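Novice: For reference, this is query01.txt, and it has compact mmCIF, C-alpha atoms and all ligand atoms.
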```
# COMPACT_ATOMS: atom_id res chain seq x y z
CA MET A 10 25.39 15.76 4.58
CA ALA A 11 24.78 17.78 1.43
CA LEU A 12 24.89 16.34 -2.09
CA SER A 13 28.68 16.54 -2.20
CA HIS A 14 28.97 14.34 0.90
CA VAL A 15 26.62 11.63 -0.31
CA ARG A 16 28.65 9.73 -2.83
CA LYS A 17 26.71 6.53 -3.16
CA VAL A 18 22.99 5.87 -3.00
CA ALA A 19 21.40 2.43 -3.24
CA PHE A 20 17.78 1.83 -4.17
CA ILE A 21 16.12 -1.52 -3.51
CA GLY A 22 12.67 -2.24 -4.91
CA THR A 23 12.08 -0.61 -8.28
CA GLY A 24 8.39 -1.37 -8.78
CA ILE A 25 5.49 1.00 -9.53
CA MET A 26 6.61 3.55 -6.91
CA GLY A 27 10.30 2.76 -6.50
CA ALA A 28 11.33 3.21 -10.14
CA PRO A 29 10.07 6.79 -10.57
CA ILE A 30 11.38 7.80 -7.11
CA ALA A 31 14.80 6.39 -8.01
CA ARG A 32 14.68 8.31 -11.29
CA HIS A 33 14.17 11.61 -9.45
CA LEU A 34 17.24 10.89 -7.30
CA MET A 35 19.26 10.25 -10.46
CA ASP A 36 17.90 13.40 -12.08
CA ALA A 37 19.13 15.33 -9.04
CA GLY A 38 22.66 14.06 -9.64
CA TYR A 39 22.97 11.12 -7.26
CA HIS A 40 24.59 8.00 -8.65
CA LEU A 41 22.37 5.04 -7.93
CA THR A 42 23.05 1.34 -7.49
CA VAL A 43 19.79 -0.56 -7.84
CA TYR A 44 18.45 -3.98 -7.01
CA ASN A 45 15.01 -5.48 -7.50
CA ARG A 46 13.88 -9.07 -7.10
CA THR A 47 12.76 -9.08 -10.73
CA LYS A 48 15.59 -7.51 -12.70
CA LYS A 49 13.56 -6.36 -15.67
CA LYS A 50 11.73 -3.82 -13.52
CA ALA A 51 15.06 -2.01 -13.12
CA ALA A 52 15.90 -2.11 -16.84
CA GLN A 53 14.89 1.46 -17.58
CA LEU A 54 16.90 2.82 -14.64
CA ILE A 55 19.93 0.83 -15.77
CA ALA A 56 19.49 2.21 -19.28
CA GLN A 57 19.49 5.69 -17.75
CA GLY A 58 22.79 5.09 -15.96
CA ALA A 59 22.04 3.26 -12.71
CA THR A 60 24.39 0.45 -11.72
CA TRP A 61 22.83 -2.98 -11.22
CA ALA A 62 23.76 -5.09 -8.19
CA ASP A 63 22.98 -8.80 -7.91
CA SER A 64 21.57 -8.59 -4.39
CA ALA A 65 20.31 -6.08 -1.86
CA ALA A 66 23.47 -6.61 0.18
CA GLU A 67 25.68 -5.98 -2.85
CA ALA A 68 23.77 -2.78 -3.67
CA ALA A 69 23.96 -1.47 -0.11
CA LYS A 70 27.42 -2.38 1.12
CA ASP A 71 29.21 0.84 0.08
CA ALA A 72 26.21 3.17 0.11
CA ASP A 73 25.93 6.32 2.20
CA VAL A 74 22.14 6.19 1.89
CA VAL A 75 19.98 3.15 1.09
CA PHE A 76 16.34 3.50 0.08
CA THR A 77 13.93 0.57 0.16
CA MET A 78 10.51 0.53 -1.52
CA LEU A 79 9.28 -3.05 -1.11
CA GLY A 80 5.85 -4.65 -1.03
CA TYR A 81 5.11 -6.15 2.40
CA PRO A 82 6.41 -6.09 5.98
CA ASN A 83 7.84 -9.58 5.37
CA ASP A 84 9.92 -8.21 2.49
CA VAL A 85 11.16 -5.39 4.71
CA GLU A 86 12.03 -7.79 7.52
CA ASP A 87 14.00 -10.01 5.12
CA VAL A 88 15.88 -7.19 3.46
CA TYR A 89 16.83 -5.48 6.73
CA LEU A 90 17.09 -8.16 9.37
CA ALA A 91 18.31 -11.33 7.59
CA THR A 92 21.88 -12.41 8.32
CA ASP A 93 23.04 -10.65 5.15
CA GLY A 94 20.47 -7.88 5.65
CA LEU A 95 21.00 -4.15 5.43
CA ILE A 96 21.52 -3.72 9.17
CA ARG A 97 24.49 -6.06 8.97
CA VAL A 98 26.05 -5.21 5.59
CA THR A 99 25.86 -1.42 5.41
CA LYS A 100 28.82 0.64 6.51
CA ARG A 101 28.93 2.53 9.80
CA GLY A 102 27.09 5.82 9.71
CA ALA A 103 24.98 4.79 6.72
CA TRP A 104 21.36 5.88 6.47
CA MET A 105 18.58 3.42 5.61
CA VAL A 106 15.25 4.90 4.59
CA ASP A 107 12.25 2.59 4.26
CA LEU A 108 9.56 4.05 1.98
CA THR A 109 7.42 0.88 2.04
CA THR A 110 4.06 0.98 3.82
CA SER A 111 4.88 -1.46 6.60
CA SER A 112 4.41 -2.28 10.25
CA PRO A 113 5.10 0.48 12.83
CA GLN A 114 6.53 -2.07 15.27
CA LEU A 115 8.87 -3.48 12.63
CA ALA A 116 10.05 0.04 11.80
CA HIS A 117 10.78 0.58 15.47
CA ASP A 118 12.72 -2.69 15.69
CA ILE A 119 14.75 -1.85 12.60
CA HIS A 120 15.56 1.61 13.95
CA ASP A 121 16.81 0.11 17.21
CA ALA A 122 18.84 -2.60 15.45
CA ALA A 123 20.53 0.04 13.29
CA GLU A 124 21.32 2.22 16.27
CA VAL A 125 23.14 -0.64 17.97
CA GLU A 126 25.34 -0.95 14.85
CA ASP A 127 26.05 2.79 14.76
CA LYS A 128 23.82 3.28 11.70
CA HIS A 129 20.60 5.17 11.05
CA ALA A 130 17.28 3.66 9.98
CA VAL A 131 14.11 5.67 9.53
CA ASP A 132 10.61 4.85 8.35
CA CYS A 133 9.40 7.23 5.67
CA PRO A 134 6.26 5.93 3.94
CA VAL A 135 4.75 8.01 1.18
CA THR A 136 1.37 9.07 -0.14
CA GLY A 137 0.41 10.58 -3.47
CA GLY A 138 0.23 7.47 -5.61
CA GLN A 139 1.96 6.54 -8.83
CA MET A 140 1.28 10.02 -10.23
CA GLY A 141 2.90 11.66 -7.21
CA ALA A 142 5.92 9.38 -7.59
CA GLU A 143 6.24 10.19 -11.28
CA GLU A 144 5.85 13.92 -10.75
CA GLY A 145 8.10 13.95 -7.68
CA THR A 146 5.33 15.48 -5.56
CA LEU A 147 4.82 12.80 -2.92
CA THR A 148 3.93 13.58 0.67
CA LEU A 149 6.28 11.90 3.13
CA MET A 150 5.66 10.86 6.72
CA VAL A 151 8.92 10.55 8.62
CA GLY A 152 9.28 8.48 11.79
CA GLY A 153 11.79 10.89 13.27
CA THR A 154 12.42 14.56 13.87
CA LYS A 155 13.42 17.14 11.29
CA GLU A 156 16.63 17.83 13.18
CA GLU A 157 17.85 14.25 13.40
CA THR A 158 17.00 13.41 9.79
CA LYS A 159 18.60 16.57 8.38
CA PRO A 160 21.38 14.64 6.58
CA ILE A 161 18.89 12.90 4.28
CA GLN A 162 16.58 15.88 3.75
CA PRO A 163 18.08 16.95 0.40
CA LEU A 164 17.47 13.46 -0.95
CA LEU A 165 13.89 13.32 0.32
CA GLU A 166 13.19 16.67 -1.30
CA CYS A 167 14.09 15.22 -4.71
CA PHE A 168 10.80 13.34 -4.88
CA SER A 169 8.42 15.11 -2.50
CA SER A 170 6.44 18.33 -2.08
CA ASN A 171 5.57 17.91 1.58
CA ILE A 172 7.46 16.27 4.41
CA PHE A 173 5.77 15.70 7.77
CA TYR A 174 7.87 14.70 10.78
CA PHE A 175 6.12 12.55 13.36
CA GLY A 176 8.95 12.36 15.86
CA ASN A 177 9.56 8.74 16.81
CA PRO A 178 10.53 5.52 15.03
CA GLY A 179 7.41 3.83 13.62
CA ASP A 180 5.31 6.99 13.82
CA GLY A 181 5.69 7.60 10.09
CA GLN A 182 4.10 4.20 9.48
CA THR A 183 1.31 4.90 11.96
CA ALA A 184 0.59 8.21 10.22
CA LYS A 185 0.49 6.40 6.88
CA LEU A 186 -2.00 3.88 8.29
CA CYS A 187 -4.20 6.81 9.42
CA ASN A 188 -4.14 7.97 5.81
CA GLN A 189 -5.17 4.52 4.62
CA VAL A 190 -8.06 4.43 7.11
CA ALA A 191 -9.26 7.75 5.71
CA LEU A 192 -8.79 6.49 2.16
CA ALA A 193 -10.77 3.32 2.92
CA GLY A 194 -13.87 5.44 3.55
CA CYS A 195 -13.31 7.37 0.33
CA MET A 196 -12.92 4.21 -1.76
CA VAL A 197 -15.95 2.41 -0.39
CA GLY A 198 -17.90 5.68 -0.44
CA TYR A 199 -17.35 6.35 -4.11
CA ALA A 200 -17.86 2.70 -5.11
CA GLU A 201 -21.23 2.67 -3.34
CA ALA A 202 -22.22 6.06 -4.78
CA LEU A 203 -21.52 4.74 -8.28
CA GLY A 204 -23.43 1.53 -7.57
CA LEU A 205 -26.44 3.51 -6.41
CA ALA A 206 -26.24 5.95 -9.31
CA GLN A 207 -26.09 3.14 -11.84
CA GLN A 208 -28.94 1.21 -10.31
CA ALA A 209 -31.07 4.37 -10.25
CA GLY A 210 -30.31 5.03 -13.92
CA LEU A 211 -28.20 8.17 -13.46
CA ASP A 212 -25.25 9.11 -15.65
CA ARG A 213 -22.30 8.09 -13.48
CA HIS A 214 -19.86 10.54 -15.05
CA GLN A 215 -22.29 13.36 -14.29
CA VAL A 216 -22.70 12.11 -10.73
CA ILE A 217 -18.91 12.09 -10.27
CA GLU A 218 -18.66 15.59 -11.65
CA PHE A 219 -21.31 17.02 -9.35
CA ILE A 220 -19.94 15.23 -6.26
CA THR A 221 -16.51 16.74 -6.88
CA HIS A 222 -18.17 20.15 -6.38
CA GLY A 223 -19.48 19.26 -2.93
CA MET A 224 -18.64 17.71 0.42
CA GLY A 225 -18.52 14.20 -1.04
CA ASN A 226 -15.42 15.15 -2.99
CA SER A 227 -12.11 13.33 -2.54
CA VAL A 228 -8.97 12.69 -4.55
CA ALA A 229 -10.26 9.14 -4.98
CA MET A 230 -13.51 10.49 -6.41
CA GLN A 231 -11.62 12.77 -8.78
CA GLN A 232 -8.91 10.41 -9.96
CA LEU A 233 -10.18 6.87 -9.48
CA ALA A 234 -13.98 6.99 -9.83
CA PRO A 235 -13.76 7.96 -13.55
CA LYS A 236 -11.44 4.97 -14.10
CA SER A 237 -14.02 2.69 -12.47
CA VAL A 238 -16.73 3.94 -14.79
CA ASP A 239 -14.46 3.65 -17.83
CA GLY A 240 -13.45 0.08 -16.92
CA ASP A 241 -9.78 0.96 -16.42
CA PHE A 242 -8.62 -1.26 -13.57
CA ARG A 243 -4.88 -1.13 -14.27
CA PRO A 244 -2.94 -0.69 -11.03
CA GLY A 245 -1.46 2.49 -9.78
CA PHE A 246 -1.98 1.11 -6.29
CA LEU A 247 -2.49 -2.65 -6.05
CA SER A 248 -5.62 -3.93 -4.29
CA GLU A 249 -3.52 -6.52 -2.45
CA HIS A 250 -1.38 -3.72 -1.01
CA PHE A 251 -4.44 -1.84 0.20
CA ARG A 252 -5.71 -5.01 1.86
CA LYS A 253 -2.30 -5.29 3.54
CA ASP A 254 -2.48 -1.67 4.75
CA LEU A 255 -5.97 -2.09 6.18
CA GLY A 256 -4.86 -5.29 7.92
CA LEU A 257 -1.97 -3.37 9.49
CA ALA A 258 -4.28 -0.54 10.58
CA LEU A 259 -6.75 -2.99 12.14
CA ALA A 260 -3.93 -4.77 13.95
CA GLN A 261 -2.65 -1.53 15.39
CA ALA A 262 -6.16 -0.43 16.37
CA GLU A 263 -6.64 -3.69 18.18
CA ASP A 264 -3.39 -3.21 20.06
CA LEU A 265 -4.83 0.14 21.15
CA ASP A 266 -8.22 -1.36 22.11
CA LEU A 267 -9.94 0.56 19.37
CA GLN A 268 -12.56 -0.66 16.92
CA LEU A 269 -12.56 0.66 13.36
CA PRO A 270 -15.79 -0.72 11.90
CA GLY A 271 -15.54 1.28 8.68
CA SER A 272 -12.05 -0.03 8.02
CA GLU A 273 -13.17 -3.56 8.89
CA THR A 274 -15.80 -3.30 6.20
CA ALA A 275 -13.31 -1.96 3.67
CA PHE A 276 -10.86 -4.71 4.60
CA ARG A 277 -13.46 -7.37 3.96
CA LEU A 278 -14.37 -5.88 0.59
CA TYR A 279 -10.72 -5.79 -0.51
CA ASP A 280 -10.15 -9.26 0.89
CA LEU A 281 -13.10 -10.52 -1.16
CA LEU A 282 -11.80 -8.71 -4.25
CA CYS A 283 -8.38 -10.34 -3.79
CA GLN A 284 -9.92 -13.78 -3.26
CA VAL A 285 -11.75 -13.65 -6.59
CA GLY A 286 -8.69 -12.71 -8.59
CA GLY A 287 -8.49 -8.94 -8.16
CA SER A 288 -5.31 -8.69 -6.11
CA LYS A 289 -3.21 -7.29 -8.97
CA LEU A 290 -5.91 -4.84 -10.09
CA GLY A 291 -5.83 -1.22 -8.95
CA THR A 292 -7.77 -0.24 -5.84
CA GLN A 293 -10.50 1.28 -8.04
CA ALA A 294 -11.53 -2.32 -8.81
CA VAL A 295 -13.46 -2.37 -5.52
CA SER A 296 -16.28 -0.82 -7.55
CA LEU A 297 -16.54 -4.14 -9.44
CA LEU A 298 -18.12 -5.66 -6.32
CA TYR A 299 -21.18 -3.55 -7.11
CA GLN A 300 -21.35 -4.71 -10.72
CA ASP A 301 -23.03 -7.62 -12.51
CA GLU A 302 -21.13 -10.83 -13.10
CA LYS A 303 -20.56 -10.21 -16.81
CA THR A 304 -18.81 -6.92 -16.07
CA THR A 305 -16.70 -8.40 -13.29
CA LYS A 306 -15.71 -11.31 -15.53
CA ALA A 307 -14.68 -8.97 -18.33
CA ALA A 308 -12.45 -7.17 -15.83
CA GLY A 309 -10.72 -10.45 -14.92
CA LEU A 310 -12.53 -11.55 -11.75
CA ASP A 311 -13.42 -15.20 -11.34
CA TRP A 312 -16.09 -15.87 -8.72
CA SER A 313 -15.53 -19.61 -8.92
CA LEU A 314 -12.28 -18.96 -7.01
CA LEU A 315 -14.33 -18.08 -3.96
CA ASP A 316 -14.84 -21.00 -1.64
CA VAL A 317 -18.23 -19.94 -0.31
CA ASP A 318 -18.15 -22.19 2.75
CA GLU A 319 -14.64 -21.17 3.69
CA TYR A 320 -15.53 -17.56 3.10
CA ALA A 321 -18.61 -17.83 5.30
CA ASP A 322 -16.45 -19.41 8.02
CA ASP A 323 -13.95 -16.57 7.68
CA GLN A 324 -16.77 -14.09 8.09
CA LYS A 325 -18.05 -15.86 11.18
CA ASP A 326 -14.53 -15.90 12.56
CA ALA A 327 -14.20 -12.23 11.81
CA ASP A 328 -17.47 -11.55 13.59
CA HIS A 329 -16.86 -13.69 16.59
CA LYS A 330 -13.23 -14.60 17.09
CA ASP A 331 -10.12 -14.80 14.95
CA HIS A 332 -9.51 -12.36 12.17
CA ASP A 333 -6.30 -13.58 10.73
CA HIS A 334 -6.12 -12.28 7.18
CA CYS A 335 -2.84 -10.51 6.57
CA CYS A 336 -2.57 -8.67 9.83
CA GLY A 337 -2.14 -11.80 11.93
CA HIS A 338 -4.15 -10.47 14.88
CA ASP A 339 -7.40 -11.46 16.49
CA HIS A 340 -10.32 -9.07 16.32
CA ASP A 341 -13.34 -9.44 18.59
CA GLY A 342 -16.46 -8.67 16.62
CA CYS A 343 -16.40 -6.49 13.56
CA GLY A 344 -18.34 -3.69 15.18
CA CYS A 345 -19.73 -2.65 11.84
CA GLY A 346 -23.29 -3.09 13.03
CA HIS A 347 -24.27 -5.30 10.10
CA ASP A 348 -25.53 -8.83 10.22
CA HIS A 349 -23.22 -11.14 8.35
CA ASP A 350 -25.09 -14.28 7.40
CA HIS A 351 -23.40 -17.43 6.24
CA ASP A 352 -23.42 -16.40 2.60
CA GLY A 353 -22.80 -12.82 3.19
CA CYS A 354 -19.84 -10.60 2.65
CA CYS A 355 -20.05 -6.97 3.61
CA CYS A 356 -20.86 -5.98 0.07
CA GLY A 357 -24.40 -7.19 0.66
CA HIS A 358 -24.45 -9.49 -2.35
CA ASP A 359 -25.65 -13.05 -2.15
CA HIS A 360 -23.29 -15.66 -3.47
CA ASP A 361 -25.08 -18.49 -5.16
CA ALA A 362 -24.08 -22.13 -5.10
CA ASP A 363 -21.52 -21.56 -7.85
CA GLY A 364 -19.89 -18.86 -5.85
CA HIS A 365 -21.16 -16.08 -8.08
CA ALA A 366 -21.98 -12.76 -6.59
CA ASP A 367 -25.59 -12.22 -7.43
CA ALA A 368 -24.99 -8.59 -8.08
CA ALA A 369 -27.02 -8.82 -11.27
CA SER A 370 -30.19 -8.99 -9.24
CA GLN A 371 -29.32 -5.63 -7.75
CA GLN A 372 -27.70 -3.98 -10.71
CA GLY A 373 -29.99 -5.16 -13.46
P1 LIG B 401 5.31 -2.94 -6.42
O1 LIG B 401 5.19 -2.42 -7.80
O2 LIG B 401 4.90 -4.34 -6.14
O3 LIG B 401 6.82 -2.71 -5.93
C1 LIG B 401 7.45 -3.41 -4.91
C2 LIG B 401 8.78 -3.87 -5.46
O4 LIG B 401 9.57 -4.42 -4.41
C3 LIG B 401 8.62 -4.96 -6.52
O5 LIG B 401 9.29 -4.57 -7.71
C4 LIG B 401 9.26 -6.18 -5.86
O6 LIG B 401 9.92 -7.05 -6.73
C5 LIG B 401 10.25 -5.53 -4.95
N1 LIG B 401 10.65 -6.42 -3.86
C6 LIG B 401 9.90 -7.01 -2.93
N2 LIG B 401 10.64 -7.74 -2.10
C7 LIG B 401 11.91 -7.60 -2.51
C8 LIG B 401 13.15 -8.10 -2.06
N3 LIG B 401 13.23 -8.93 -1.02
N4 LIG B 401 14.27 -7.73 -2.72
C9 LIG B 401 14.19 -6.93 -3.79
N5 LIG B 401 13.05 -6.42 -4.29
C10 LIG B 401 11.93 -6.77 -3.65
O7 LIG B 401 4.48 -2.03 -5.41
P2 LIG B 401 4.40 -0.43 -5.35
O8 LIG B 401 3.08 0.00 -5.86
O9 LIG B 401 5.63 0.18 -5.88
O10 LIG B 401 4.31 -0.23 -3.77
C11 LIG B 401 5.45 -0.40 -2.94
C12 LIG B 401 5.06 -0.07 -1.50
O11 LIG B 401 4.59 1.28 -1.43
C13 LIG B 401 3.93 -0.95 -0.95
O12 LIG B 401 4.15 -1.19 0.41
C14 LIG B 401 2.70 -0.07 -1.14
O13 LIG B 401 1.70 -0.40 -0.21
C15 LIG B 401 3.27 1.32 -0.94
N6 LIG B 401 2.60 2.42 -1.63
C16 LIG B 401 2.13 2.26 -2.90
C17 LIG B 401 1.52 3.35 -3.54
C18 LIG B 401 0.97 3.23 -4.94
O14 LIG B 401 0.16 4.09 -5.32
N7 LIG B 401 1.38 2.28 -5.72
C19 LIG B 401 1.39 4.58 -2.87
C20 LIG B 401 1.93 4.71 -1.60
C21 LIG B 401 2.53 3.62 -0.98
P3 LIG B 401 9.14 -7.96 -7.81
O15 LIG B 401 9.18 -7.12 -9.03
O16 LIG B 401 9.92 -9.22 -7.92
O17 LIG B 401 7.76 -8.18 -7.27
```
Can you present the structure in this file as structure tokens?
Ligand code: NAP

Specialist:
Amino acid sequence: MALSHVRKVAFIGTGIMGAPIARHLMDAGYHLTVYNRTKKKAAQLIAQGATWADSAAEAAKDADVVFTMLGYPNDVEDVYLATDGLIRVTKRGAWMVDLTTSSPQLAHDIHDAAEVEDKHAVDCPVTGGQMGAEEGTLTLMVGGTKEETKPIQPLLECFSSNIFYFGNPGDGQTAKLCNQVALAGCMVGYAEALGLAQQAGLDRHQVIEFITHGMGNSVAMQQLAPKSVDGDFRPGFLSEHFRKDLGLALAQAEDLDLQLPGSETAFRLYDLLCQVGGSKLGTQAVSLLYQDEKTTKAAGLDWSLLDVDEYADDQKDADHKDHDHCCGHDHDGCGCGHDHDHDGCCCGHDHDADGHADAASQQG
């Protein structure tokens, strides 16, 4: 199915990532019908010639190819599997491509449901961040083979530099979760390096620069660590979405009888960040957990939101039985090898009676 055979493309979910991806498809000559829960986030695309539809079903009903770039697995489930969902309303032979970072099992279920209806659904999460979406240089992880997804390849190439095929439905999502597990280490690693550098009185910009010349280097160190030092916590990638991804990775690891103690630690840090008001900040805001209260407050965190007792109970549960944040699965023991006392989160800060992280005592 070359460009000439794809007449209509629908795009659902025009947020931070979806809007620039949709724009690349338009730039390549595809006519787009768009829908987003909050209409104003599609305004620029509409101004550039996209057609607005009043619902996902309306956008998708005549489309040859439907892209979705939503937030959470629940959003994906609703949009695809509800009674007026994409599986039901799309025409026979249509392709549905989910770019959301979502659950591998859900991707598998959606693929199978589409197949029954004589339609095609494939998971195709992305990596490369907001910048990659804007530049059209994302890396894609396809839950299918190159051969079977050939019809949509020209469209995928409009917004990507690299496409990796992982063979089976859901495998694209699993590959993406592997990426997030690797990223978790990079994020916590740079946040802790900056915390140590600051406490020891080093120039943090200089520390970042030298680390990028050695084995401690990472894209996170290059692109996000300078933002942390400069106090720029605007989202490219929302902290609440990273918490979701780590929850999904931990759930899948548990299904496979595998412990991921590093990811558990990162999950807890992001969970804490989200609990104190950081969910809409960019992932670089994890570095705030190593900062004094005044700095965290200036960045928009509110430690009084943390219910210390409830948090301590959650930590105990995480250590000993249920671990039910986001991923909805039980985890036996965190395996991180740290003691988690009643006050303690993994960041190693004490929380006083007011729920403040006593980072000041460490950071000066
Ligand atoms: P985002 O800005 O929150 O975009 C998600 C969009 O989906 C929002 O505009 C949201 O509408 C819309 N949406 C959710 N449910 C919907 C529904 N039922 N019907 C219609 N629209 C719906 O998030 P994002 O940063 O673009 O990320 C999207 C996904 O990509 C997430 O799964 C994320 O984990 C993943 N991802 C993000 C990045 C990144 O760097 N940002 C990189 C790779 C992967 P509202 O405007 O009403 O909220």

Novice: Kindly assemble as a tab-separated table a list of the chain A residues that lie within 6 Å of ligand LIG 401 (chain B), each paired with its nearest atom pair and their distance in Å to one decimal, using all atoms listed in the file, sorted first by chain and then by ascending residue number.

Specialist:
```
residue	atom	partner	partner_atom	distance
A:Ile21	CA	B:LIG401	C9	5.8
A:Gly22	CA	B:LIG401	O4	3.8
A:Thr23	CA	B:LIG401	O5	4.9
A:Gly24	CA	B:LIG401	O5	3.5
A:Ile25	CA	B:LIG401	O9	3.7
A:Met26	CA	B:LIG401	O9	3.7
A:Gly27	CA	B:LIG401	O9	5.4
A:Asn45	CA	B:LIG401	N5	3.9
A:Arg46	CA	B:LIG401	N5	4.0
A:Thr47	CA	B:LIG401	O16	4.0
A:Met78	CA	B:LIG401	C11	5.3
A:Leu79	CA	B:LIG401	O4	3.6
A:Gly80	CA	B:LIG401	O12	4.1
A:Tyr81	CA	B:LIG401	O12	5.4
A:Asp84	CA	B:LIG401	N2	4.7
A:Val88	CA	B:LIG401	N3	5.5
A:Thr109	CA	B:LIG401	O12	4.2
A:Thr110	CA	B:LIG401	O12	4.0
A:Val135	CA	B:LIG401	C20	5.2
A:Thr136	CA	B:LIG401	C20	4.6
A:Gly138	CA	B:LIG401	O14	3.4
A:Gln139	CA	B:LIG401	O14	4.6
A:Gly245	CA	B:LIG401	N7	5.0
A:Phe246	CA	B:LIG401	N7	3.6
A:His250	CA	B:LIG401	O13	4.6
```

Novice: Step by step: start from the point (20.0, 16.6, 1.0) in the file's coordinates, keep every protein, DNA or RNA residue that has an atom no farther than 12 Å from it, count all atoms listed in the file, and write the set as number ranges by chain.

Specialist: A: 10-16, 18, 34, 37-39, 73-74, 158-168

Novice: Please define a box with edges along x, y and z of the file around all atoms of region 29-38 of chain A given in the file, extend it by 8 Å on each side, and return its centre and edge lengths in Å to one decimal, as AutoDock Vina command-line options.

Specialist:
```
--center_x 16.4 --center_y 10.9 --center_z -9.6 --size_x 28.6 --size_y 24.9 --size_z 21.0
```

Novice: Need the shell around Gly179 (chain A): protein/DNA/RNA residues with any atom at most 6 Å away, counting all atoms listed in the file. Skip same-chain ones fewer than 5 positions apart. Format as a compact mmCIF listing (two decimals) with C-alpha atoms, keeping the file's coordinate frame?

Specialist:
```
# COMPACT_ATOMS: atom_id res chain seq x y z
CA PRO A 113 5.10 0.48 12.83
CA ALA A 116 10.05 0.04 11.80
CA HIS A 117 10.78 0.58 15.47
CA GLY A 152 9.28 8.48 11.79
```

Novice: Quick check, in Å to one decimal: how far apart do CA of Leu257 (chain A) and CA of Leu278 (chain A) lie?

Specialist: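 Calculated distance between CA of Leu257 (chain A) and CA of Leu278 (chain A) is 15.5 Å.
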
Novice: Under the rule that only C-alpha atoms are counted, which of A:Ala258, A:Val151, A:Val131, A:Ala200 is the nearest residue to Leu298 (chain A)?

Specialist: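 Once distances to Leu298 (chain A) are computed over only C-alpha atoms, the minimum belongs to A:Ala200.
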
Novice: Can you pull out the residues contacting Ser112 (chain A)? Cut-off 10 Å, using only C-alpha atoms, and skip same-chain residues under 3 positions away; I want them as a count of residues only.

Specialist: 24

Novice: Place a sphere of radius 10 Å on (-13.4, 4.3, -10.3) in the file coordinates and name every protein, DNA or RNA residue with an atom inside or on its surface, counting only C-alpha atoms; give the answer as a PyMOL selection string.

Specialist: chain A and resi 196+199-200+203+217+229-242+291-297

Novice: One decimal, Å: what's the distance from CA of Leu54 (chain A) over to CA of Glu143 (chain A), could you say?

Specialist: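 Answer for the CA of Leu54 (chain A) to CA of Glu143 (chain A) separation: 13.4 Å.
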
Novice: Of the candidates A:Lys303, A:Arg277, A:Lys128, A:Lys185, which shows the shortest atom-to-atom distance to Val197 (chain A), using only C-alpha atoms?

Specialist: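 The shortest atom-to-atom distance to Val197 (chain A) comes from A:Arg277.
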
Novice: Pick the closest to Thr274 (chain A) from A:Thr146, A:Phe175, A:Leu255, A:Ala130: which is it, counting all atoms listed in the file?

Specialist: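 Of A:Thr146, A:Phe175, A:Leu255, A:Ala130, the one nearest Thr274 (chain A) is A:Leu255, counting all atoms listed in the file.
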